[in-house]
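Data block for work-v1.pdb (PDB, C-alpha atoms, pLDDT in the B column):
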ATOM      1  CA  MET M  89       0.000   0.000   0.000  1.00 43.00           C
ATOM      2  CA  ALA M  90       1.317   3.445  -0.959  1.00 48.00           C
ATOM      3  CA  ARG M  91       2.157   5.657   2.005  1.00 48.00           C
ATOM      4  CA  TRP M  92      -0.441   8.297   1.102  1.00 46.00           C
ATOM      5  CA  GLN M  93      -3.150   5.626   1.050  1.00 55.00           C
ATOM      6  CA  THR M  94      -2.811   5.233   4.805  1.00 72.00           C
ATOM      7  CA  LEU M  95      -4.659   8.565   4.983  1.00 89.00           C
ATOM      8  CA  SER M  96      -8.387   7.944   5.425  1.00 93.00           C
ATOM      9  CA  LEU M  97     -11.152  10.208   4.182  1.00 94.00           C
ATOM     10  CA  GLU M  98     -11.922  11.076   7.815  1.00 96.00           C
ATOM     11  CA  ASP M  99      -8.259  11.979   8.424  1.00 96.00           C
ATOM     12  CA  PHE M 100      -8.255  14.116   5.273  1.00 97.00           C
ATOM     13  CA  GLN M 101     -11.336  15.998   6.464  1.00 97.00           C
ATOM     14  CA  ARG M 102      -9.837  16.563   9.915  1.00 97.00           C
ATOM     15  CA  VAL M 103      -6.487  17.777   8.536  1.00 97.00           C
ATOM     16  CA  THR M 104      -8.075  20.103   5.964  1.00 98.00           C
ATOM     17  CA  ASP M 105     -10.432  21.464   8.656  1.00 97.00           C
ATOM     18  CA  GLU M 106      -7.394  22.395  10.737  1.00 98.00           C
ATOM     19  CA  ALA M 107      -5.016  23.513   7.977  1.00 98.00           C
ATOM     20  CA  PHE M 108      -7.544  25.611   6.064  1.00 98.00           C
ATOM     21  CA  SER M 109      -9.449  26.932   9.085  1.00 98.00           C
ATOM     22  CA  PHE M 110      -8.301  30.476   8.211  1.00 98.00           C
ATOM     23  CA  LEU M 111     -10.671  30.364   5.214  1.00 98.00           C
ATOM     24  CA  MET M 112     -13.633  30.064   7.591  1.00 97.00           C
ATOM     25  CA  THR M 113     -12.433  32.242  10.455  1.00 98.00           C
ATOM     26  CA  HIS M 114     -11.011  35.168   8.449  1.00 98.00           C
ATOM     27  CA  TYR M 115     -12.724  35.019   5.045  1.00 98.00           C
ATOM     28  CA  SER M 116     -16.233  33.601   5.724  1.00 98.00           C
ATOM     29  CA  TYR M 117     -15.908  30.463   3.613  1.00 98.00           C
ATOM     30  CA  THR M 118     -18.028  27.438   4.449  1.00 98.00           C
ATOM     31  CA  THR M 119     -16.863  23.856   4.153  1.00 97.00           C
ATOM     32  CA  CYS M 120     -18.246  20.979   2.160  1.00 96.00           C
ATOM     33  CA  PRO M 121     -17.687  17.430   3.433  1.00 97.00           C
ATOM     34  CA  ALA M 122     -14.613  15.623   2.184  1.00 97.00           C
ATOM     35  CA  GLU M 123     -15.330  13.225  -0.660  1.00 97.00           C
ATOM     36  CA  ARG M 124     -13.635  10.897  -3.081  1.00 95.00           C
ATOM     37  CA  GLY M 125     -12.709  12.434  -6.431  1.00 92.00           C
ATOM     38  CA  GLY M 126     -10.241  12.481  -9.272  1.00 85.00           C
ATOM     39  CA  LEU M 127      -9.628   9.564 -11.608  1.00 81.00           C
ATOM     40  CA  PHE M 128     -11.894   6.672 -10.591  1.00 83.00           C
ATOM     41  CA  GLY M 129     -12.242   8.210  -7.131  1.00 83.00           C
ATOM     42  CA  SER M 130      -8.533   7.697  -6.473  1.00 87.00           C
ATOM     43  CA  GLY M 131      -8.080  10.945  -4.546  1.00 93.00           C
ATOM     44  CA  PHE M 132      -9.684  13.010  -1.817  1.00 96.00           C
ATOM     45  CA  VAL M 133     -11.442  16.321  -2.501  1.00 97.00           C
ATOM     46  CA  ARG M 134     -12.387  19.183  -0.202  1.00 98.00           C
ATOM     47  CA  ARG M 135     -14.244  22.309  -1.264  1.00 98.00           C
ATOM     48  CA  PHE M 136     -14.584  25.647   0.511  1.00 98.00           C
ATOM     49  CA  THR M 137     -17.208  28.075  -0.787  1.00 98.00           C
ATOM     50  CA  ARG M 138     -18.267  31.684  -0.316  1.00 98.00           C
ATOM     51  CA  ALA M 139     -20.989  33.144  -2.574  1.00 96.00           C
ATOM     52  CA  SER M 140     -19.782  32.391  -6.147  1.00 95.00           C
ATOM     53  CA  TYR M 141     -16.212  31.526  -5.045  1.00 97.00           C
ATOM     54  CA  GLU M 142     -14.801  28.060  -4.498  1.00 97.00           C
ATOM     55  CA  ILE M 143     -11.393  26.868  -3.377  1.00 98.00           C
ATOM     56  CA  GLY M 144     -10.858  23.169  -3.938  1.00 97.00           C
ATOM     57  CA  ILE M 145      -8.156  20.791  -2.774  1.00 97.00           C
ATOM     58  CA  LEU M 146      -7.416  17.464  -4.475  1.00 96.00           C
ATOM     59  CA  PHE M 147      -5.030  15.060  -2.779  1.00 96.00           C
ATOM     60  CA  GLY M 148      -3.663  11.739  -4.053  1.00 92.00           C
ATOM     61  CA  ASP M 149      -5.365  11.624  -7.457  1.00 89.00           C
ATOM     62  CA  ALA M 150      -3.780   8.968  -9.678  1.00 82.00           C
ATOM     63  CA  ASP M 151      -4.147  11.201 -12.760  1.00 81.00           C
ATOM     64  CA  SER M 152      -2.548  14.358 -11.309  1.00 83.00           C
ATOM     65  CA  ARG M 153       1.052  15.471 -11.831  1.00 85.00           C
ATOM     66  CA  HIS M 154       1.322  16.495  -8.186  1.00 90.00           C
ATOM     67  CA  LEU M 155       0.332  14.812  -4.978  1.00 93.00           C
ATOM     68  CA  CYS M 156      -1.753  17.825  -3.982  1.00 95.00           C
ATOM     69  CA  SER M 157      -3.383  20.531  -6.073  1.00 94.00           C
ATOM     70  CA  VAL M 158      -5.551  23.552  -5.339  1.00 97.00           C
ATOM     71  CA  TRP M 159      -7.969  25.222  -7.761  1.00 96.00           C
ATOM     72  CA  PHE M 160     -10.021  28.415  -7.708  1.00 97.00           C
ATOM     73  CA  ARG M 161     -13.457  29.189  -9.149  1.00 95.00           C
ATOM     74  CA  ASP M 162     -15.508  32.362  -9.209  1.00 95.00           C
ATOM     75  CA  ASP M 163     -18.526  30.991 -11.111  1.00 94.00           C
ATOM     76  CA  VAL M 164     -20.284  28.738  -8.601  1.00 94.00           C
ATOM     77  CA  GLY M 165     -23.990  28.666  -9.411  1.00 94.00           C
ATOM     78  CA  GLN M 166     -23.566  29.524 -13.083  1.00 95.00           C
ATOM     79  CA  LYS M 167     -24.800  27.019 -15.669  1.00 94.00           C
ATOM     80  CA  ILE M 168     -21.611  26.531 -17.646  1.00 94.00           C
ATOM     81  CA  VAL M 169     -21.281  23.591 -20.044  1.00 92.00           C
ATOM     82  CA  GLU M 170     -17.568  23.916 -20.793  1.00 87.00           C
ATOM     83  CA  ARG M 171     -14.964  25.549 -18.593  1.00 85.00           C
ATOM     84  CA  GLY M 172     -11.650  26.435 -20.191  1.00 80.00           C
ATOM     85  CA  TYR M 173      -9.649  27.819 -17.311  1.00 76.00           C
ATOM     86  CA  MET M 174      -7.325  25.062 -16.244  1.00 70.00           C
ATOM     87  CA  GLU M 175      -4.695  27.673 -15.362  1.00 78.00           C
ATOM     88  CA  ARG M 176      -6.839  28.924 -12.474  1.00 92.00           C
ATOM     89  CA  GLY M 177      -4.938  27.002  -9.868  1.00 94.00           C
ATOM     90  CA  LEU M 178      -2.328  27.483  -7.202  1.00 97.00           C
ATOM     91  CA  GLU M 179       0.256  25.812  -9.446  1.00 95.00           C
ATOM     92  CA  THR M 180      -0.056  28.635 -11.993  1.00 93.00           C
ATOM     93  CA  LEU M 181       0.351  31.303  -9.315  1.00 96.00           C
ATOM     94  CA  LEU M 182       3.349  29.585  -7.768  1.00 97.00           C
ATOM     95  CA  ALA M 183       5.071  29.349 -11.149  1.00 95.00           C
ATOM     96  CA  ARG M 184       5.211  33.170 -11.080  1.00 95.00           C
ATOM     97  CA  ARG M 185       5.221  33.995  -7.388  1.00 97.00           C
ATOM     98  CA  TYR M 186       7.377  31.157  -6.011  1.00 98.00           C
ATOM     99  CA  PRO M 187       9.100  29.584  -9.033  1.00 97.00           C
ATOM    100  CA  THR M 188      11.583  27.542  -6.996  1.00 97.00           C
ATOM    101  CA  PHE M 189       8.865  25.589  -5.180  1.00 97.00           C
ATOM    102  CA  ALA M 190       9.028  21.855  -5.922  1.00 95.00           C
ATOM    103  CA  HIS M 191       5.606  20.207  -5.724  1.00 95.00           C
ATOM    104  CA  PRO M 192       5.783  16.998  -3.669  1.00 94.00           C
ATOM    105  CA  THR M 193       5.000  13.717  -5.410  1.00 91.00           C
ATOM    106  CA  ARG M 194       4.136  10.292  -4.052  1.00 88.00           C
ATOM    107  CA  ASN M 195       7.824   9.424  -4.185  1.00 89.00           C
ATOM    108  CA  ASP M 196       8.604  12.231  -1.731  1.00 90.00           C
ATOM    109  CA  LEU M 197       6.418  10.811   1.023  1.00 89.00           C
ATOM    110  CA  SER M 198       8.334   9.515   4.029  1.00 89.00           C
ATOM    111  CA  ASP M 199       8.173   9.498   7.803  1.00 87.00           C
ATOM    112  CA  GLU M 200       9.265  13.150   7.679  1.00 89.00           C
ATOM    113  CA  MET M 201       7.032  14.132   4.726  1.00 91.00           C
ATOM    114  CA  THR M 202       3.622  12.679   5.605  1.00 93.00           C
ATOM    115  CA  PRO M 203       0.332  13.374   3.788  1.00 95.00           C
ATOM    116  CA  GLU M 204      -0.679  15.617   6.690  1.00 96.00           C
ATOM    117  CA  ILE M 205       2.486  17.705   6.337  1.00 95.00           C
ATOM    118  CA  VAL M 206       1.944  18.073   2.576  1.00 96.00           C
ATOM    119  CA  ILE M 207      -1.655  19.253   3.083  1.00 97.00           C
ATOM    120  CA  ARG M 208      -0.556  21.791   5.707  1.00 97.00           C
ATOM    121  CA  GLN M 209       2.211  22.960   3.357  1.00 97.00           C
ATOM    122  CA  TYR M 210      -0.368  23.780   0.673  1.00 98.00           C
ATOM    123  CA  ALA M 211      -2.511  25.660   3.187  1.00 98.00           C
ATOM    124  CA  ASP M 212       0.547  27.778   4.040  1.00 98.00           C
ATOM    125  CA  LEU M 213       1.238  28.367   0.337  1.00 98.00           C
ATOM    126  CA  LEU M 214      -2.349  29.528  -0.126  1.00 98.00           C
ATOM    127  CA  ARG M 215      -1.952  32.029   2.717  1.00 97.00           C
ATOM    128  CA  LYS M 216       1.394  33.354   1.496  1.00 98.00           C
ATOM    129  CA  TYR M 217       0.959  33.422  -2.281  1.00 98.00           C
ATOM    130  CA  ALA M 218      -2.768  33.430  -3.119  1.00 98.00           C
ATOM    131  CA  ILE M 219      -4.515  35.555  -0.506  1.00 98.00           C
ATOM    132  CA  ASP M 220      -5.699  37.959  -3.236  1.00 98.00           C
ATOM    133  CA  ILE M 221      -7.570  35.059  -4.866  1.00 98.00           C
ATOM    134  CA  VAL M 222      -8.950  33.967  -1.489  1.00 98.00           C
ATOM    135  CA  LYS M 223     -10.360  37.487  -1.096  1.00 97.00           C
ATOM    136  CA  GLY M 224     -11.999  37.295  -4.539  1.00 96.00           C
ATOM    137  CA  ASP M 225      -9.506  39.202  -6.702  1.00 97.00           C
ATOM    138  CA  PHE M 226      -8.903  37.010  -9.767  1.00 96.00           C
ATOM    139  CA  SER M 227      -6.948  39.631 -11.734  1.00 95.00           C
ATOM    140  CA  ALA M 228      -3.787  37.511 -11.429  1.00 95.00           C
ATOM    141  CA  PHE M 229      -5.323  35.114 -13.948  1.00 93.00           C
ATOM    142  CA  PRO M 230      -6.128  35.766 -17.624  1.00 89.00           C
ATOM    143  CA  SER M 231      -9.609  37.206 -18.158  1.00 89.00           C
ATOM    144  CA  LEU M 232     -12.340  34.841 -19.305  1.00 92.00           C
ATOM    145  CA  MET M 233     -15.269  35.319 -21.652  1.00 94.00           C
ATOM    146  CA  TYR M 234     -18.621  33.623 -22.096  1.00 95.00           C
ATOM    147  CA  VAL M 235     -19.307  31.976 -25.445  1.00 95.00           C
ATOM    148  CA  LEU M 236     -22.946  31.244 -26.283  1.00 96.00           C
ATOM    149  CA  HIS M 237     -24.022  28.394 -28.574  1.00 94.00           C
ATOM    150  CA  HIS M 238     -27.279  26.750 -29.483  1.00 93.00           C
ATOM    151  CA  VAL M 239     -27.214  23.034 -30.228  1.00 91.00           C
ATOM    152  CA  ASP M 240     -30.020  21.571 -32.328  1.00 86.00           C
ATOM    153  CA  ARG M 241     -30.263  17.811 -31.931  1.00 80.00           C
ATOM    154  CA  LYS M 242     -33.292  17.252 -34.170  1.00 76.00           C
ATOM    155  CA  PHE M 243     -31.159  15.518 -36.786  1.00 74.00           C
ATOM    156  CA  PRO M 244     -30.592  11.852 -35.874  1.00 71.00           C
ATOM    157  CA  THR M 245     -27.060  11.576 -37.256  1.00 79.00           C
ATOM    158  CA  ARG M 246     -25.490  14.759 -35.921  1.00 82.00           C
ATOM    159  CA  ALA M 247     -26.183  17.821 -33.845  1.00 82.00           C
ATOM    160  CA  VAL M 248     -26.067  21.260 -35.443  1.00 86.00           C
ATOM    161  CA  ARG M 249     -24.222  23.831 -33.339  1.00 88.00           C
ATOM    162  CA  ARG M 250     -24.774  27.560 -33.892  1.00 91.00           C
ATOM    163  CA  PHE M 251     -22.370  30.110 -32.522  1.00 94.00           C
ATOM    164  CA  LEU M 252     -24.447  32.997 -31.135  1.00 95.00           C
ATOM    165  CA  GLY M 253     -21.973  35.392 -29.549  1.00 96.00           C
ATOM    166  CA  ILE M 254     -19.238  36.227 -27.074  1.00 96.00           C
ATOM    167  CA  TYR M 255     -19.985  38.074 -23.822  1.00 97.00           C
ATOM    168  CA  SER M 256     -17.830  39.578 -21.130  1.00 94.00           C
ATOM    169  CA  THR M 257     -20.255  38.631 -18.343  1.00 95.00           C
ATOM    170  CA  TYR M 258     -22.486  35.706 -17.475  1.00 96.00           C
ATOM    171  CA  GLU M 259     -25.408  38.125 -17.196  1.00 96.00           C
ATOM    172  CA  GLY M 260     -24.826  39.246 -20.780  1.00 97.00           C
ATOM    173  CA  ALA M 261     -24.902  35.661 -22.021  1.00 97.00           C
ATOM    174  CA  THR M 262     -28.055  34.767 -20.083  1.00 96.00           C
ATOM    175  CA  ALA M 263     -29.784  37.960 -21.291  1.00 96.00           C
ATOM    176  CA  ALA M 264     -29.002  36.886 -24.867  1.00 96.00           C
ATOM    177  CA  ILE M 265     -30.623  33.525 -24.141  1.00 95.00           C
ATOM    178  CA  GLU M 266     -33.765  35.246 -22.850  1.00 95.00           C
ATOM    179  CA  ASP M 267     -33.866  37.443 -25.952  1.00 94.00           C
ATOM    180  CA  ARG M 268     -33.580  34.492 -28.341  1.00 93.00           C
ATOM    181  CA  SER M 269     -35.788  32.076 -26.409  1.00 91.00           C
ATOM    182  CA  THR M 270     -38.986  33.511 -27.965  1.00 91.00           C
ATOM    183  CA  LYS M 271     -37.686  33.471 -31.536  1.00 90.00           C
ATOM    184  CA  GLN M 272     -38.337  30.845 -34.168  1.00 86.00           C
ATOM    185  CA  GLY M 273     -35.703  28.141 -34.280  1.00 80.00           C
ATOM    186  CA  PHE M 274     -34.917  28.569 -30.594  1.00 88.00           C
ATOM    187  CA  SER M 275     -38.281  28.591 -28.800  1.00 85.00           C
ATOM    188  CA  GLU M 276     -38.911  24.936 -29.762  1.00 83.00           C
ATOM    189  CA  ARG M 277     -35.543  23.852 -28.369  1.00 84.00           C
ATOM    190  CA  LEU M 278     -34.875  25.875 -25.225  1.00 87.00           C
ATOM    191  CA  ASP M 279     -32.672  23.087 -23.847  1.00 87.00           C
ATOM    192  CA  GLY M 280     -30.194  23.656 -26.687  1.00 90.00           C
ATOM    193  CA  PHE M 281     -28.553  26.788 -25.273  1.00 95.00           C
ATOM    194  CA  GLU M 282     -24.999  26.265 -24.017  1.00 94.00           C
ATOM    195  CA  ILE M 283     -22.655  28.718 -22.337  1.00 96.00           C
ATOM    196  CA  TRP M 284     -18.934  28.024 -22.437  1.00 95.00           C
ATOM    197  CA  ARG M 285     -16.434  29.945 -20.354  1.00 93.00           C
ATOM    198  CA  VAL M 286     -13.094  30.207 -22.120  1.00 91.00           C
ATOM    199  CA  GLN M 287      -9.783  31.990 -21.959  1.00 87.00           C
ATOM    200  CA  PRO M 288      -8.950  34.145 -25.005  1.00 82.00           C
ATOM    201  CA  ASP M 289      -5.922  32.923 -26.950  1.00 74.00           C
ATOM    202  CA  GLY M 290      -6.206  29.608 -25.160  1.00 59.00           C
ATOM    203  CA  TYR M 291      -8.412  26.599 -24.722  1.00 51.00           C
TER     204      TYR M 291
END

As structure tokens, how would this structure be written, given the file I've shared?
Amino acid sequence: MARWQTLSLEDFQRVTDEAFSFLMTHYSYTTCPAERGGLFGSGFVRRFTRASYEIGILFGDADSRHLCSVWFRDDVGQKIVERGYMERGLETLLARRYPTFAHPTRNDLSDEMTPEIVIRQYADLLRKYAIDIVKGDFSAFPSLMYVLHHVDRKFPTRAVRRFLGIYSTYEGATAAIEDRSTKQGFSERLDGFEIWRVQPDGY
């Protein structure tokens, strides 16, 4: 059994409660219960939310480059079909703000470098290098835009996708849906609207 697998889901919840307690006490985040996640449920996931913001921690995922990763979202509650902002993570920030940091891997685990120590290390990194994101300032990341499509699945062999527009805000995209929802070609297929959130000059 790999050393990190000696960590139980209950242990992970306890350690993240302690290590990330500053999110609740100083920044009004609420916690979600720890759960299995990642590739085939191979890792542990913990989410902290405040309004439309989410900070997530993934530990031990078999498909991840690093033993632990942290991501940031500012679109909780929005109905987004495709999200193209994989760079919105602590790894991206550290590449600029702490470029000499070496992310621990499974091979680094030992009696001195336990899963608990790694999790606490990432909590400290969040406090030192990403407190602007914790507060809700996402300007350190590339700006994102909302791309609106309508997908018509009336044809049995293939769906027809129509590009409808690009919007700087979610509200702009949803207003465009309301405007088109009464028009011919759309009113019969209201379930066909899709909003994608993408990074310009990227995915």

As a CSV table (one decimal) with C-alpha atoms, keeping the file's coordinate frame, please: the residues near region 94-108 of chain M (cut-off 7 Å, all atoms listed in the file, same-chain neighbours under 5 positions excluded).
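Written out: out_34.csv:
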chain,number,residue,atom,x,y,z
M,122,ALA,CA,-14.6,15.6,2.2
M,132,PHE,CA,-9.7,13.0,-1.8
M,204,GLU,CA,-0.7,15.6,6.7
M,208,ARG,CA,-0.6,21.8,5.7
M,211,ALA,CA,-2.5,25.7,3.2

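The neighbours of region 170-184 of chain M here are the residues that come within 6 Å of it, using only C-alpha atoms and leaving out any residue fewer than 4 positions away in the same chain; they are Val158, Trp159, Phe160, Trp284, Arg285, Val286 and Tyr291 of chain M.
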
Could you list as a PyMOL selection string every residue that has an atom within 10 Å of (-19.4, 35.9, -31.5), using the file's coordinates and counting all atoms listed in the file? chain M and resi 234-237+251-255

Can you turn the PyMOL selection byres ((chain M and resi 265-278) around 10) into a concrete residue list for this file, as a compact mmCIF listing (two decimals) with C-alpha atoms, in the frame of the given file?
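Okay, this is what ended up in expr28.txt:
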# COMPACT_ATOMS: atom_id res chain seq x y z
CA LEU M 236 -22.95 31.24 -26.28
CA HIS M 237 -24.02 28.39 -28.57
CA HIS M 238 -27.28 26.75 -29.48
CA VAL M 239 -27.21 23.03 -30.23
CA ASP M 240 -30.02 21.57 -32.33
CA ARG M 241 -30.26 17.81 -31.93
CA LYS M 242 -33.29 17.25 -34.17
CA LEU M 252 -24.45 33.00 -31.14
CA GLU M 259 -25.41 38.12 -17.20
CA GLY M 260 -24.83 39.25 -20.78
CA ALA M 261 -24.90 35.66 -22.02
CA THR M 262 -28.06 34.77 -20.08
CA ALA M 263 -29.78 37.96 -21.29
CA ALA M 264 -29.00 36.89 -24.87
CA ASP M 279 -32.67 23.09 -23.85
CA GLY M 280 -30.19 23.66 -26.69
CA PHE M 281 -28.55 26.79 -25.27
CA GLU M 282 -25.00 26.26 -24.02
CA ILE M 283 -22.66 28.72 -22.34

Quick one: apply the PyMOL selection byres ((chain M and resi 191) around 8) to the file and drop the selected residues here as JSON, numbers by chain. {"M": [154, 155, 156, 189, 190, 192, 193]}

Atomic distance CA of Ala228 (chain M) - CA of Arg185 (chain M), expressed in Å with one decimal: 10.5 Å

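For the set M:Arg194, M:Arg138, M:Arg124, M:Arg161, the residue with the smallest atom-to-atom gap to Leu232 (chain M) is M:Arg161, counting all atoms listed in the file.
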
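Shortest atom-to-atom contact with Val206 (chain M) among M:Gly148, M:Thr245, M:Ile219, M:Ile168: M:Gly148, counting all atoms listed in the file.
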
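For the pair CA of Asp151 (chain M) and CA of Arg134 (chain M), the separation is 17.0 Å.
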
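Taking only C-alpha atoms into account, Ser157 (chain M) lies nearest to M:Ile207 out of the set M:Tyr186, M:Ser130, M:Ile207, M:Glu142.
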
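In this structure, CA of Asp212 (chain M) sits 21.1 Å away from CA of Ser227 (chain M).
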
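Picked by the PyMOL selection byres ((chain M and resi 141) around 9) from the coordinates shown: Tyr117, Phe136, Thr137, Arg138, Ala139, Ser140, Glu142, Ile143, Phe160, Arg161, Asp162, Asp163, Val164, Val222 and Gly224 of chain M.
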
Write the residues of the preceding selection, restricted to C-alpha atoms, as a PDB file, in the frame of the given file.
ATOM      1  CA  TYR M 117     -15.908  30.463   3.613  1.00 98.00           C
ATOM      2  CA  PHE M 136     -14.584  25.647   0.511  1.00 98.00           C
ATOM      3  CA  THR M 137     -17.208  28.075  -0.787  1.00 98.00           C
ATOM      4  CA  ARG M 138     -18.267  31.684  -0.316  1.00 98.00           C
ATOM      5  CA  ALA M 139     -20.989  33.144  -2.574  1.00 96.00           C
ATOM      6  CA  SER M 140     -19.782  32.391  -6.147  1.00 95.00           C
ATOM      7  CA  GLU M 142     -14.801  28.060  -4.498  1.00 97.00           C
ATOM      8  CA  ILE M 143     -11.393  26.868  -3.377  1.00 98.00           C
ATOM      9  CA  PHE M 160     -10.021  28.415  -7.708  1.00 97.00           C
ATOM     10  CA  ARG M 161     -13.457  29.189  -9.149  1.00 95.00           C
ATOM     11  CA  ASP M 162     -15.508  32.362  -9.209  1.00 95.00           C
ATOM     12  CA  ASP M 163     -18.526  30.991 -11.111  1.00 94.00           C
ATOM     13  CA  VAL M 164     -20.284  28.738  -8.601  1.00 94.00           C
ATOM     14  CA  VAL M 222      -8.950  33.967  -1.489  1.00 98.00           C
ATOM     15  CA  GLY M 224     -11.999  37.295  -4.539  1.00 96.00           C
TER      16      GLY M 224
END
